[in-house]
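Below is one structure, written out as structure tokens; the observations come after it.
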Amino acid sequence: MKRIQGWGNKETDYPVPEPAKRYLEEVVGKAATLRNRPVEDLLKKVPDSKLPPHTLIKTEPADRLSHARGQSLNDWVDMCDGLVDTFPDGVAYPTSEEDVRKLIQFASENQVNLVPYGGGSSVVGHLTPPGEGQPTLSVDLKYLNQLRNLNEESLEATFGAGVSGPHLEEQLKKQGYILGHFPQSWEYSTLGGWIVTRSVGQQSYHYGRIEPLFVSGHMETPSGPFTLPRVPKSAAGPDLRHILLGSEARLGILTTATMRIRNLPEEERFYAAFFPNFEIGALAVRKIAQAELQLSMLRLSDAMETETTFQLSGEEKLVNIAKKGLNLFGQGEERCMLIYGLTGDHAANQLADRQLAHIVRSYQGMMVKFYLGEAWMEKRFLTPYLRNTLWDLGYALDTLETALPWDNLKETRKDVLRSIKSGLEDENEPVLVFSHISHVYTNGGSLYITYLYRRAQDPHQTLDRWKKLKASASQAIVAHGGTITHQHGVGIDHKDYISAEKGTLGMRMIKDLIKDVDPKQIMNTGKLVDLD
Ligand SMILES: Cc1cc2nc3c(=O)[nH]c(=O)nc-3n(C[C@H](O)[C@H](O)[C@H](O)COP(=O)(O)OP(=O)(O)OC[C@H]3O[C@@H](n4cnc5c(N)ncnc54)[C@H](O)[C@@H]3O)c2cc1C
């Protein structure tokens, strides 16, 4: 059963091992154990619905509470500490395109704000109902989850847009195919959510981001149905797929999507390598990316992330032995771990592995072909559960991300990390911050930053701390010309920063498009951009 407070299902836990607790106490200090507000209290806060009755709409408090927020830090404080104060006025669970059309019609006639709900895994406030004004209806797409068509000749599969990651791959695997889109939220996030937020899977290096996987689709909009043609490529003017991609529900509800699929890979393996420090590791990763080796993943952790990963593994003895071994081979205190993936046929994997090993060694690196890569693979969808246990221990954890050209990555990283590390100095609160490079391209890479700080007794203060850290990091990213988001999207949290990337005319184009397709402003108002 899905948790209302925190990430994932209630049956899964990822305990923080004792040595890791000691490590966190050393780095950020001992935290006070704080209890979540009982769910019963939150249910009592759900006000009467402002929606007129409709056969497809449920207005029970439990449905409305469970669709009130996503997974941003602000959402966590709202749901766990009880600050949640806006709720959808109802939740609909359409089972067909016709249902979706009826709901849009209803929203248009009654001036209702529609918030499509996929897996609820947004980390930037995409799902928060606006406080005042028109009522909000959450449209949960979980029943639009079937494989509608499999075209084996063109290697394409059409799905209902509400299908979750595991259900999508399970349906494809039975037929011998794979989509290969594995964001860390894969357990819950959905195809529709991936498309409208421009999501990126962990093996994007092989399978691509969601954009190249998305062939065509059908969206129900307030101005009528909109279907993209099924063509492999087109020179017929601007690519309208890119208007749906990243539209963040401002244009309509995506009901189906046709995706490029592949044959299941013959084999898949994950291994590790170490570099003496981040600068050298980043040079090697750039070299590997620019050599265009046939890998499926490259992820270089900085020294702090490498150390924290070791500590959180709970394998104290093993870690001490590993560190001694690494030291002997010149991988000292500043060591940085690279995890890489090989996906494909055996011969191609072997070749890529040899080519990678050659580059790694030429940058003073050391290959580790046992345990670490496999351990990463096994825990890759379990790691988000750590956020639950850390929260219970009194620590708030959040992430942010950007992408930059190689020539600008190093300086930006330093400034962003510095801004976060010193972000709570005025309160004498230390912050643990670390980063990794992932999703590499020949001309640049994405930078993924994780930070952890102590929750305060007063949840407003926990939130204020997050706001300070998020604002200073975002400002540093934008000042360096980085994108405010490489994969999480804009939602509410990044809204103030997208004009730096789009420019005045670009912002006008986006706003005019939304106003044209959604003249009554009933689609996810207040997200992505503010309309003038
Ligand atoms: C633990 C964790 C790990 C994550 N890891 C990654 C990662 O590796 N890569 C990555 O890219 N992101 C990641 N994310 C962010 C998040 O999973 C993505 O943004 C994801 O694409 C959201 O999909 P969802 O189905 O959960 O959408 P939701 O959160 O339900 O919705 C997000 C937005 O999409 C809209 N929407 C959803 N479905 C539709 C539809 N059918 N039609 C129109 N609009 C729709 C919603 O209205 C909302 O505006 C992570 C989040 C968490 C919590």
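So you can find residues: chains in the structure tokens are A, B, ... in the order shown, residues in each start at 1, and ligands are numbered from 1 in order.
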
Find the nearest atom pair between each residue of chain A and ligand 1 for residues within 6 Å, count only C-alpha atoms and all ligand atoms, give distances in Å to one decimal, sort rows by chain and ascending number, and present the table as CSV.
residue,atom,partner,partner_atom_place_in_ligand_line,distance
A:Gly70,CA,ligand 1,29 (O),6.0
A:Gln71,CA,ligand 1,53 (C),5.1
A:Val115,CA,ligand 1,47 (O),4.8
A:Pro116,CA,ligand 1,47 (O),3.9
A:Tyr117,CA,ligand 1,30 (O),4.1
A:Gly118,CA,ligand 1,30 (O),3.4
A:Gly119,CA,ligand 1,26 (O),3.4
A:Gly120,CA,ligand 1,30 (O),3.4
A:Ser121,CA,ligand 1,26 (O),3.6
A:Ser122,CA,ligand 1,29 (O),3.5
A:Val123,CA,ligand 1,15 (C),5.5
A:His126,CA,ligand 1,49 (O),4.3
A:Leu127,CA,ligand 1,48 (C),5.4
A:Ala161,CA,ligand 1,41 (N),5.0
A:Gly162,CA,ligand 1,41 (N),5.8
A:Pro183,CA,ligand 1,8 (O),3.3
A:Gln184,CA,ligand 1,5 (N),3.8
A:Ser185,CA,ligand 1,3 (C),3.9
A:Ser189,CA,ligand 1,26 (O),3.6
A:Thr190,CA,ligand 1,25 (O),3.6
A:Gly192,CA,ligand 1,41 (N),3.7
A:Gly193,CA,ligand 1,23 (O),3.6
A:Trp194,CA,ligand 1,21 (O),3.5
A:Val196,CA,ligand 1,34 (O),5.5
A:Thr197,CA,ligand 1,21 (O),5.3
A:Ser199,CA,ligand 1,11 (O),3.2
A:Val200,CA,ligand 1,11 (O),3.9
A:Gly201,CA,ligand 1,9 (N),5.3
A:Gln202,CA,ligand 1,8 (O),5.9
A:Glu248,CA,ligand 1,49 (O),4.5
A:Ala249,CA,ligand 1,44 (N),3.9
A:Gly252,CA,ligand 1,43 (C),5.8
A:Ile253,CA,ligand 1,42 (N),3.7
A:Leu254,CA,ligand 1,42 (N),3.7
A:Thr255,CA,ligand 1,41 (N),5.6
A:Pro384,CA,ligand 1,1 (C),4.7
A:Gln487,CA,ligand 1,11 (O),4.2
A:His488,CA,ligand 1,19 (O),4.7

Include N, CA, C and O atoms and write out the residues we just selected as a compact mmCIF listing (two decimals), in the first residue's frame.
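New file selection-v5.txt:
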# COMPACT_ATOMS: atom_id res chain seq x y z
N GLY A 70 2.83 15.90 -3.99
CA GLY A 70 3.77 14.96 -4.59
C GLY A 70 4.91 14.67 -3.63
O GLY A 70 4.67 14.40 -2.44
N GLN A 71 6.14 14.78 -4.12
CA GLN A 71 7.30 14.35 -3.35
C GLN A 71 8.35 15.45 -3.17
O GLN A 71 9.51 15.14 -2.88
N VAL A 115 -6.00 18.80 -12.41
CA VAL A 115 -4.61 18.40 -12.19
C VAL A 115 -4.49 16.90 -12.49
O VAL A 115 -4.90 16.07 -11.68
N PRO A 116 -3.97 16.54 -13.69
CA PRO A 116 -3.76 15.12 -13.96
C PRO A 116 -2.79 14.55 -12.93
O PRO A 116 -1.85 15.22 -12.51
N TYR A 117 -3.02 13.30 -12.53
CA TYR A 117 -2.18 12.66 -11.52
C TYR A 117 -1.68 11.34 -12.10
O TYR A 117 -2.46 10.47 -12.46
N GLY A 118 -0.34 11.22 -12.21
CA GLY A 118 0.25 9.98 -12.73
C GLY A 118 0.64 9.09 -11.56
O GLY A 118 -0.18 8.43 -10.94
N GLY A 119 1.93 9.14 -11.21
CA GLY A 119 2.40 8.36 -10.05
C GLY A 119 2.55 9.22 -8.82
O GLY A 119 2.93 8.72 -7.75
N GLY A 120 2.34 10.53 -8.95
CA GLY A 120 2.48 11.43 -7.80
C GLY A 120 3.93 11.59 -7.36
O GLY A 120 4.19 11.96 -6.22
N SER A 121 4.87 11.35 -8.27
CA SER A 121 6.29 11.38 -7.86
C SER A 121 6.98 12.70 -8.18
O SER A 121 8.20 12.82 -8.01
N SER A 122 6.21 13.69 -8.62
CA SER A 122 6.82 15.00 -8.91
C SER A 122 7.60 15.51 -7.71
O SER A 122 7.13 15.42 -6.58
N VAL A 123 8.78 16.08 -7.98
CA VAL A 123 9.57 16.63 -6.87
C VAL A 123 9.67 18.16 -6.96
O VAL A 123 10.52 18.76 -6.31
N HIS A 126 4.41 19.96 -8.85
CA HIS A 126 3.48 19.92 -9.98
C HIS A 126 2.02 19.69 -9.58
O HIS A 126 1.12 19.99 -10.35
N LEU A 127 1.81 19.07 -8.42
CA LEU A 127 0.46 18.56 -8.12
C LEU A 127 -0.30 19.39 -7.10
O LEU A 127 -1.47 19.12 -6.82
N ALA A 161 -1.59 6.20 -20.98
CA ALA A 161 -0.54 7.05 -20.41
C ALA A 161 -0.39 6.91 -18.90
O ALA A 161 0.60 7.37 -18.32
N GLY A 162 -1.35 6.25 -18.24
CA GLY A 162 -1.26 6.12 -16.78
C GLY A 162 -0.48 4.90 -16.33
O GLY A 162 -0.44 4.59 -15.13
N PRO A 183 13.70 5.91 -14.51
CA PRO A 183 14.00 6.93 -13.51
C PRO A 183 14.02 6.28 -12.13
O PRO A 183 13.46 5.18 -11.96
N GLN A 184 14.63 6.92 -11.17
CA GLN A 184 14.72 6.28 -9.84
C GLN A 184 13.33 6.11 -9.22
O GLN A 184 13.13 5.28 -8.33
N SER A 185 12.38 6.87 -9.71
CA SER A 185 10.99 6.79 -9.22
C SER A 185 10.19 5.74 -9.97
O SER A 185 8.96 5.70 -9.85
N SER A 189 6.22 6.13 -10.91
CA SER A 189 5.99 7.16 -11.94
C SER A 189 5.42 6.51 -13.21
O SER A 189 5.58 5.32 -13.44
N THR A 190 4.76 7.33 -14.02
CA THR A 190 4.00 6.80 -15.16
C THR A 190 4.49 7.36 -16.48
O THR A 190 5.15 8.42 -16.53
N GLY A 192 2.80 8.89 -18.84
CA GLY A 192 2.32 10.25 -19.10
C GLY A 192 3.13 11.28 -18.33
O GLY A 192 3.52 12.32 -18.86
N GLY A 193 3.40 10.95 -17.05
CA GLY A 193 4.21 11.87 -16.22
C GLY A 193 5.59 12.05 -16.81
O GLY A 193 6.11 13.16 -16.88
N TRP A 194 6.20 10.95 -17.28
CA TRP A 194 7.55 11.04 -17.85
C TRP A 194 7.56 12.01 -19.06
O TRP A 194 8.46 12.81 -19.21
N VAL A 196 5.32 14.42 -19.99
CA VAL A 196 5.02 15.85 -19.80
C VAL A 196 6.02 16.55 -18.87
O VAL A 196 5.98 17.77 -18.74
N THR A 197 6.90 15.78 -18.22
CA THR A 197 7.94 16.44 -17.41
C THR A 197 9.34 16.26 -18.02
O THR A 197 10.33 16.64 -17.41
N SER A 199 11.18 13.47 -18.50
CA SER A 199 11.96 12.70 -17.54
C SER A 199 13.17 12.01 -18.20
O SER A 199 13.23 11.84 -19.42
N VAL A 200 14.11 11.62 -17.36
CA VAL A 200 15.31 10.94 -17.83
C VAL A 200 15.54 9.68 -16.98
O VAL A 200 15.53 9.75 -15.75
N GLY A 201 15.74 8.56 -17.64
CA GLY A 201 15.98 7.30 -16.94
C GLY A 201 17.47 7.11 -16.66
O GLY A 201 18.31 7.72 -17.31
N GLN A 202 17.75 6.21 -15.71
CA GLN A 202 19.15 6.03 -15.29
C GLN A 202 20.04 5.52 -16.43
O GLN A 202 21.23 5.75 -16.43
N GLU A 248 3.71 19.78 -18.90
CA GLU A 248 3.36 19.80 -17.47
C GLU A 248 1.87 19.99 -17.22
O GLU A 248 1.46 20.74 -16.33
N ALA A 249 1.07 19.37 -18.08
CA ALA A 249 -0.39 19.37 -17.94
C ALA A 249 -1.04 20.72 -18.21
O ALA A 249 -2.23 20.89 -17.97
N GLY A 252 -3.29 19.87 -21.64
CA GLY A 252 -4.31 18.85 -21.67
C GLY A 252 -3.86 17.59 -20.98
O GLY A 252 -2.84 17.58 -20.27
N ILE A 253 -4.62 16.52 -21.20
CA ILE A 253 -4.34 15.24 -20.55
C ILE A 253 -3.92 14.24 -21.61
O ILE A 253 -4.68 13.94 -22.55
N LEU A 254 -2.72 13.75 -21.49
CA LEU A 254 -2.21 12.74 -22.42
C LEU A 254 -2.87 11.41 -22.06
O LEU A 254 -2.79 10.97 -20.91
N THR A 255 -3.54 10.80 -23.04
CA THR A 255 -4.25 9.55 -22.72
C THR A 255 -3.50 8.32 -23.23
O THR A 255 -3.54 7.27 -22.60
N PRO A 384 15.58 5.38 -2.64
CA PRO A 384 14.69 6.48 -2.22
C PRO A 384 14.00 6.24 -0.88
O PRO A 384 13.57 7.19 -0.22
N GLN A 487 15.93 17.24 -15.61
CA GLN A 487 15.01 16.10 -15.66
C GLN A 487 13.77 16.22 -14.78
O GLN A 487 12.78 15.54 -15.03
N HIS A 488 13.79 17.06 -13.75
CA HIS A 488 12.64 17.07 -12.84
C HIS A 488 11.49 17.95 -13.32
O HIS A 488 10.38 17.82 -12.83

Check: Could you pull out the strand (DSSP E) residues of stretch 38-130 of chain A from DSSP and send them as number ranges by chain?
Finding: A: 57-58, 90-92, 113-117

Generate a file of the selected residues that holds N, CA, C and O atoms, formatted as a PDB file, in the first residue's frame.
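Okay, this is what ended up in again-v9.pdb:
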ATOM      1  N   ILE A  57     -16.706  11.462 -10.259  1.00  0.00           N
ATOM      2  CA  ILE A  57     -15.870  12.137  -9.256  1.00  0.00           C
ATOM      3  C   ILE A  57     -16.164  11.655  -7.831  1.00  0.00           C
ATOM      4  O   ILE A  57     -17.319  11.595  -7.406  1.00  0.00           O
ATOM      5  N   LYS A  58     -15.075  11.351  -7.121  1.00  0.00           N
ATOM      6  CA  LYS A  58     -15.202  10.987  -5.700  1.00  0.00           C
ATOM      7  C   LYS A  58     -14.762  12.175  -4.852  1.00  0.00           C
ATOM      8  O   LYS A  58     -13.775  12.840  -5.193  1.00  0.00           O
ATOM      9  N   GLY A  90     -11.972  17.040  -5.446  1.00  0.00           N
ATOM     10  CA  GLY A  90     -12.460  15.710  -5.812  1.00  0.00           C
ATOM     11  C   GLY A  90     -11.386  14.989  -6.601  1.00  0.00           C
ATOM     12  O   GLY A  90     -10.400  15.592  -7.030  1.00  0.00           O
ATOM     13  N   VAL A  91     -11.569  13.680  -6.750  1.00  0.00           N
ATOM     14  CA  VAL A  91     -10.637  12.873  -7.538  1.00  0.00           C
ATOM     15  C   VAL A  91     -11.454  12.018  -8.495  1.00  0.00           C
ATOM     16  O   VAL A  91     -12.435  11.386  -8.087  1.00  0.00           O
ATOM     17  N   ALA A  92     -11.045  12.010  -9.772  1.00  0.00           N
ATOM     18  CA  ALA A  92     -11.703  11.156 -10.763  1.00  0.00           C
ATOM     19  C   ALA A  92     -10.717  10.099 -11.227  1.00  0.00           C
ATOM     20  O   ALA A  92      -9.507  10.366 -11.284  1.00  0.00           O
ATOM     21  N   ASN A 113     -10.308  23.671 -12.046  1.00  0.00           N
ATOM     22  CA  ASN A 113      -8.896  23.456 -12.380  1.00  0.00           C
ATOM     23  C   ASN A 113      -8.611  21.953 -12.363  1.00  0.00           C
ATOM     24  O   ASN A 113      -8.879  21.277 -11.372  1.00  0.00           O
ATOM     25  N   LEU A 114      -8.068  21.426 -13.480  1.00  0.00           N
ATOM     26  CA  LEU A 114      -7.778  19.996 -13.553  1.00  0.00           C
ATOM     27  C   LEU A 114      -6.299  19.733 -13.309  1.00  0.00           C
ATOM     28  O   LEU A 114      -5.441  20.365 -13.933  1.00  0.00           O
ATOM     29  N   VAL A 115      -6.002  18.804 -12.408  1.00  0.00           N
ATOM     30  CA  VAL A 115      -4.609  18.396 -12.188  1.00  0.00           C
ATOM     31  C   VAL A 115      -4.494  16.899 -12.493  1.00  0.00           C
ATOM     32  O   VAL A 115      -4.900  16.065 -11.680  1.00  0.00           O
ATOM     33  N   PRO A 116      -3.973  16.542 -13.686  1.00  0.00           N
ATOM     34  CA  PRO A 116      -3.760  15.122 -13.959  1.00  0.00           C
ATOM     35  C   PRO A 116      -2.790  14.553 -12.932  1.00  0.00           C
ATOM     36  O   PRO A 116      -1.845  15.224 -12.515  1.00  0.00           O
ATOM     37  N   TYR A 117      -3.016  13.297 -12.532  1.00  0.00           N
ATOM     38  CA  TYR A 117      -2.182  12.657 -11.524  1.00  0.00           C
ATOM     39  C   TYR A 117      -1.677  11.340 -12.096  1.00  0.00           C
ATOM     40  O   TYR A 117      -2.462  10.465 -12.462  1.00  0.00           O
TER      41      TYR A 117
END

Item checked: Surrounding residues of A:Pro52 excluding itself and chain neighbours under 3 positions, 10 Å, only C-alpha atoms, as an MDAnalysis selection string -> chainID A and resid 49 57 89:90 106 110 112 135

Notebook entry, point to check: DSSP says alpha helix (DSSP H) for which residues of stretch 397-458 of chain A? Put them as a PyMOL selection string?
Noted result: chain A and resi 406-421

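From atom CA of A:Val285 back to atom CA of A:Ile359, the distance works out to 8.8 Å.
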
For A:Arg250, work out the shell of residues within 8 Å, counting only C-alpha atoms and skipping chain neighbours fewer than 5 positions away, then give it as a tab-separated table (two decimals) with N, CA, C and O atoms, in the first residue's frame.
chain	number	residue	atom	x	y	z
A	514	ILE	N	-0.33	28.32	-24.34
A	514	ILE	CA	-1.23	27.83	-23.28
A	514	ILE	C	-2.57	28.58	-23.34
A	514	ILE	O	-3.64	27.97	-23.27
A	518	ASP	N	-5.89	26.57	-23.99
A	518	ASP	CA	-6.69	26.49	-22.76
A	518	ASP	C	-7.21	27.88	-22.39
A	518	ASP	O	-6.79	28.47	-21.39
A	523	MET	N	-6.35	24.06	-16.98
A	523	MET	CA	-5.36	22.99	-16.90
A	523	MET	C	-4.20	23.37	-15.96
A	523	MET	O	-3.42	24.28	-16.26
A	524	ASN	N	-4.10	22.66	-14.87
A	524	ASN	CA	-2.99	22.74	-13.91
A	524	ASN	C	-2.47	24.17	-13.72
A	524	ASN	O	-1.27	24.44	-13.87
A	525	THR	N	-3.38	25.05	-13.38
A	525	THR	CA	-3.02	26.47	-13.29
A	525	THR	C	-1.93	26.70	-12.24
A	525	THR	O	-1.87	26.01	-11.22
A	527	LYS	N	1.29	26.25	-12.65
A	527	LYS	CA	2.51	25.44	-12.80
A	527	LYS	C	3.22	25.86	-14.10
A	527	LYS	O	2.58	26.38	-15.01
A	528	LEU	N	4.46	25.60	-14.18
A	528	LEU	CA	5.32	25.87	-15.34
A	528	LEU	C	5.55	27.36	-15.57
A	528	LEU	O	6.68	27.83	-15.52

Note to self: I'd like the neighbourhood of stretch 420-435 of chain A as JSON, numbers by chain, where a residue qualifies if any of its atoms comes within 7 Å (using only C-alpha atoms), though same-chain residues fewer than 6 positions away should be ignored.
What the structure shows: {"A": [27, 28, 301, 302, 304, 305, 447, 448, 449, 450, 451, 452, 453, 465, 468, 469, 472, 473]}

Could the residues in this selection be saved with N, CA and C atoms as an mmCIF file, in the first residue's frame?
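Listing of result14.cif after writing:
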data_model
loop_
_atom_site.group_PDB
_atom_site.id
_atom_site.type_symbol
_atom_site.label_atom_id
_atom_site.label_comp_id
_atom_site.auth_asym_id
_atom_site.auth_seq_id
_atom_site.Cartn_x
_atom_site.Cartn_y
_atom_site.Cartn_z
ATOM 1 N N VAL A 27 28.770 14.713 10.972
ATOM 2 C CA VAL A 27 28.808 15.703 9.884
ATOM 3 C C VAL A 27 27.783 16.826 10.074
ATOM 4 N N VAL A 28 26.549 16.486 10.412
ATOM 5 C CA VAL A 28 25.533 17.545 10.556
ATOM 6 C C VAL A 28 24.985 17.688 11.972
ATOM 7 N N SER A 301 30.430 9.741 -8.835
ATOM 8 C CA SER A 301 30.145 10.410 -7.555
ATOM 9 C C SER A 301 31.353 11.213 -7.117
ATOM 10 N N ASP A 302 31.126 12.346 -6.480
ATOM 11 C CA ASP A 302 32.271 13.073 -5.927
ATOM 12 C C ASP A 302 32.721 12.388 -4.627
ATOM 13 N N MET A 304 32.613 13.183 -1.497
ATOM 14 C CA MET A 304 31.662 13.164 -0.374
ATOM 15 C C MET A 304 30.543 12.167 -0.629
ATOM 16 N N GLU A 305 30.072 12.085 -1.881
ATOM 17 C CA GLU A 305 29.013 11.118 -2.190
ATOM 18 C C GLU A 305 29.553 9.685 -2.079
ATOM 19 N N LEU A 447 24.436 17.432 -13.659
ATOM 20 C CA LEU A 447 25.000 17.445 -12.314
ATOM 21 C C LEU A 447 23.844 17.234 -11.355
ATOM 22 N N TYR A 448 23.941 16.230 -10.486
ATOM 23 C CA TYR A 448 22.845 15.888 -9.581
ATOM 24 C C TYR A 448 23.353 16.104 -8.165
ATOM 25 N N ILE A 449 22.673 16.943 -7.437
ATOM 26 C CA ILE A 449 23.174 17.338 -6.114
ATOM 27 C C ILE A 449 22.194 16.904 -5.025
ATOM 28 N N THR A 450 22.740 16.281 -4.004
ATOM 29 C CA THR A 450 21.923 15.843 -2.870
ATOM 30 C C THR A 450 22.368 16.623 -1.644
ATOM 31 N N TYR A 451 21.421 17.082 -0.835
ATOM 32 C CA TYR A 451 21.812 17.759 0.401
ATOM 33 C C TYR A 451 20.907 17.335 1.552
ATOM 34 N N LEU A 452 21.491 17.389 2.716
ATOM 35 C CA LEU A 452 20.799 16.898 3.912
ATOM 36 C C LEU A 452 21.045 17.876 5.058
ATOM 37 N N TYR A 453 20.000 18.188 5.766
ATOM 38 C CA TYR A 453 20.129 19.092 6.921
ATOM 39 C C TYR A 453 19.148 18.658 8.006
ATOM 40 N N ARG A 465 14.443 26.687 5.949
ATOM 41 C CA ARG A 465 15.810 26.236 5.663
ATOM 42 C C ARG A 465 15.891 25.728 4.228
ATOM 43 N N LYS A 468 15.783 28.570 1.684
ATOM 44 C CA LYS A 468 17.076 29.281 1.597
ATOM 45 C C LYS A 468 18.054 28.496 0.722
ATOM 46 N N LEU A 469 18.160 27.193 1.006
ATOM 47 C CA LEU A 469 19.129 26.357 0.283
ATOM 48 C C LEU A 469 18.755 26.254 -1.197
ATOM 49 N N SER A 472 19.394 29.681 -3.011
ATOM 50 C CA SER A 472 20.785 30.056 -3.297
ATOM 51 C C SER A 472 21.395 29.118 -4.339
ATOM 52 N N ALA A 473 21.039 27.835 -4.295
ATOM 53 C CA ALA A 473 21.567 26.904 -5.306
ATOM 54 C C ALA A 473 20.993 27.238 -6.683
#

Checklist line | Neighbour list for A:Ala348 as an MDAnalysis selection string, cut-off 12 Å, only C-alpha atoms, skip fewer than 5 positions in-chain | finding: chainID A and resid 265:268 293:296 342:343 353:355

Selection file, N, CA and C atoms, as an mmCIF file, in the first residue's frame:
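New file selection_39.cif:
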data_model
loop_
_atom_site.group_PDB
_atom_site.id
_atom_site.type_symbol
_atom_site.label_atom_id
_atom_site.label_comp_id
_atom_site.auth_asym_id
_atom_site.auth_seq_id
_atom_site.Cartn_x
_atom_site.Cartn_y
_atom_site.Cartn_z
ATOM 1 N N PRO A 265 17.720 -6.858 -24.062
ATOM 2 C CA PRO A 265 19.161 -7.009 -24.266
ATOM 3 C C PRO A 265 19.622 -8.420 -23.914
ATOM 4 N N GLU A 266 20.665 -8.854 -24.592
ATOM 5 C CA GLU A 266 21.205 -10.193 -24.328
ATOM 6 C C GLU A 266 21.766 -10.265 -22.906
ATOM 7 N N GLU A 267 22.455 -9.209 -22.512
ATOM 8 C CA GLU A 267 22.986 -9.204 -21.135
ATOM 9 C C GLU A 267 23.116 -7.768 -20.628
ATOM 10 N N GLU A 268 23.188 -7.679 -19.316
ATOM 11 C CA GLU A 268 23.342 -6.365 -18.691
ATOM 12 C C GLU A 268 24.233 -6.509 -17.471
ATOM 13 N N LEU A 293 31.445 5.424 -26.394
ATOM 14 C CA LEU A 293 31.487 3.978 -26.135
ATOM 15 C C LEU A 293 30.062 3.449 -25.955
ATOM 16 N N GLN A 294 29.878 2.184 -26.248
ATOM 17 C CA GLN A 294 28.534 1.580 -26.193
ATOM 18 C C GLN A 294 28.175 1.189 -24.754
ATOM 19 N N LEU A 295 28.030 2.187 -23.896
ATOM 20 C CA LEU A 295 27.675 1.911 -22.493
ATOM 21 C C LEU A 295 26.197 2.241 -22.285
ATOM 22 N N SER A 296 25.654 1.840 -21.132
ATOM 23 C CA SER A 296 24.265 2.240 -20.880
ATOM 24 C C SER A 296 24.169 3.245 -19.737
ATOM 25 N N LEU A 342 26.710 -1.789 -18.761
ATOM 26 C CA LEU A 342 26.879 -2.357 -20.103
ATOM 27 C C LEU A 342 25.585 -3.077 -20.434
ATOM 28 N N THR A 343 24.956 -2.695 -21.520
ATOM 29 C CA THR A 343 23.659 -3.277 -21.878
ATOM 30 C C THR A 343 23.665 -3.580 -23.369
ATOM 31 N N ASP A 353 33.672 -2.541 -22.588
ATOM 32 C CA ASP A 353 34.316 -2.674 -21.283
ATOM 33 C C ASP A 353 35.839 -2.505 -21.409
ATOM 34 N N ARG A 354 36.386 -3.121 -22.440
ATOM 35 C CA ARG A 354 37.842 -3.009 -22.650
ATOM 36 C C ARG A 354 38.227 -1.563 -22.964
ATOM 37 N N GLN A 355 37.429 -0.927 -23.822
ATOM 38 C CA GLN A 355 37.725 0.469 -24.195
ATOM 39 C C GLN A 355 37.635 1.375 -22.969
#

Next item on the list: For each of A:Arg69, A:Arg269, A:Lys323, A:Lys30, take the minimum atom-to-atom distance to A:Asp85, counting only C-alpha atoms, then give the residue where this is smallest.
Entry: A:Arg69

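Take atom CA of A:Gly373 and atom CA of A:Phe274: the distance between them is 11.8 Å.
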
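Counting from atom CA of A:Glu333, the distance to atom CA of A:Gly29 is 21.8 Å.
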
Next item on the list: Please identify all polymer residues within 12 Å of A:Leu144, counting only C-alpha atoms, omitting same-chain residues fewer than 3 positions from it, and present them as a PyMOL selection string.
Entry: chain A and resi 93-100+117-118+139-141+147-148+158-164+167-168+190-192+253-257

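Proximity to A:Ala357 was assessed for A:Ile288, A:Lys10, A:Arg387, A:Tyr177 counting only C-alpha atoms; the smallest distance is recorded for A:Ile288.
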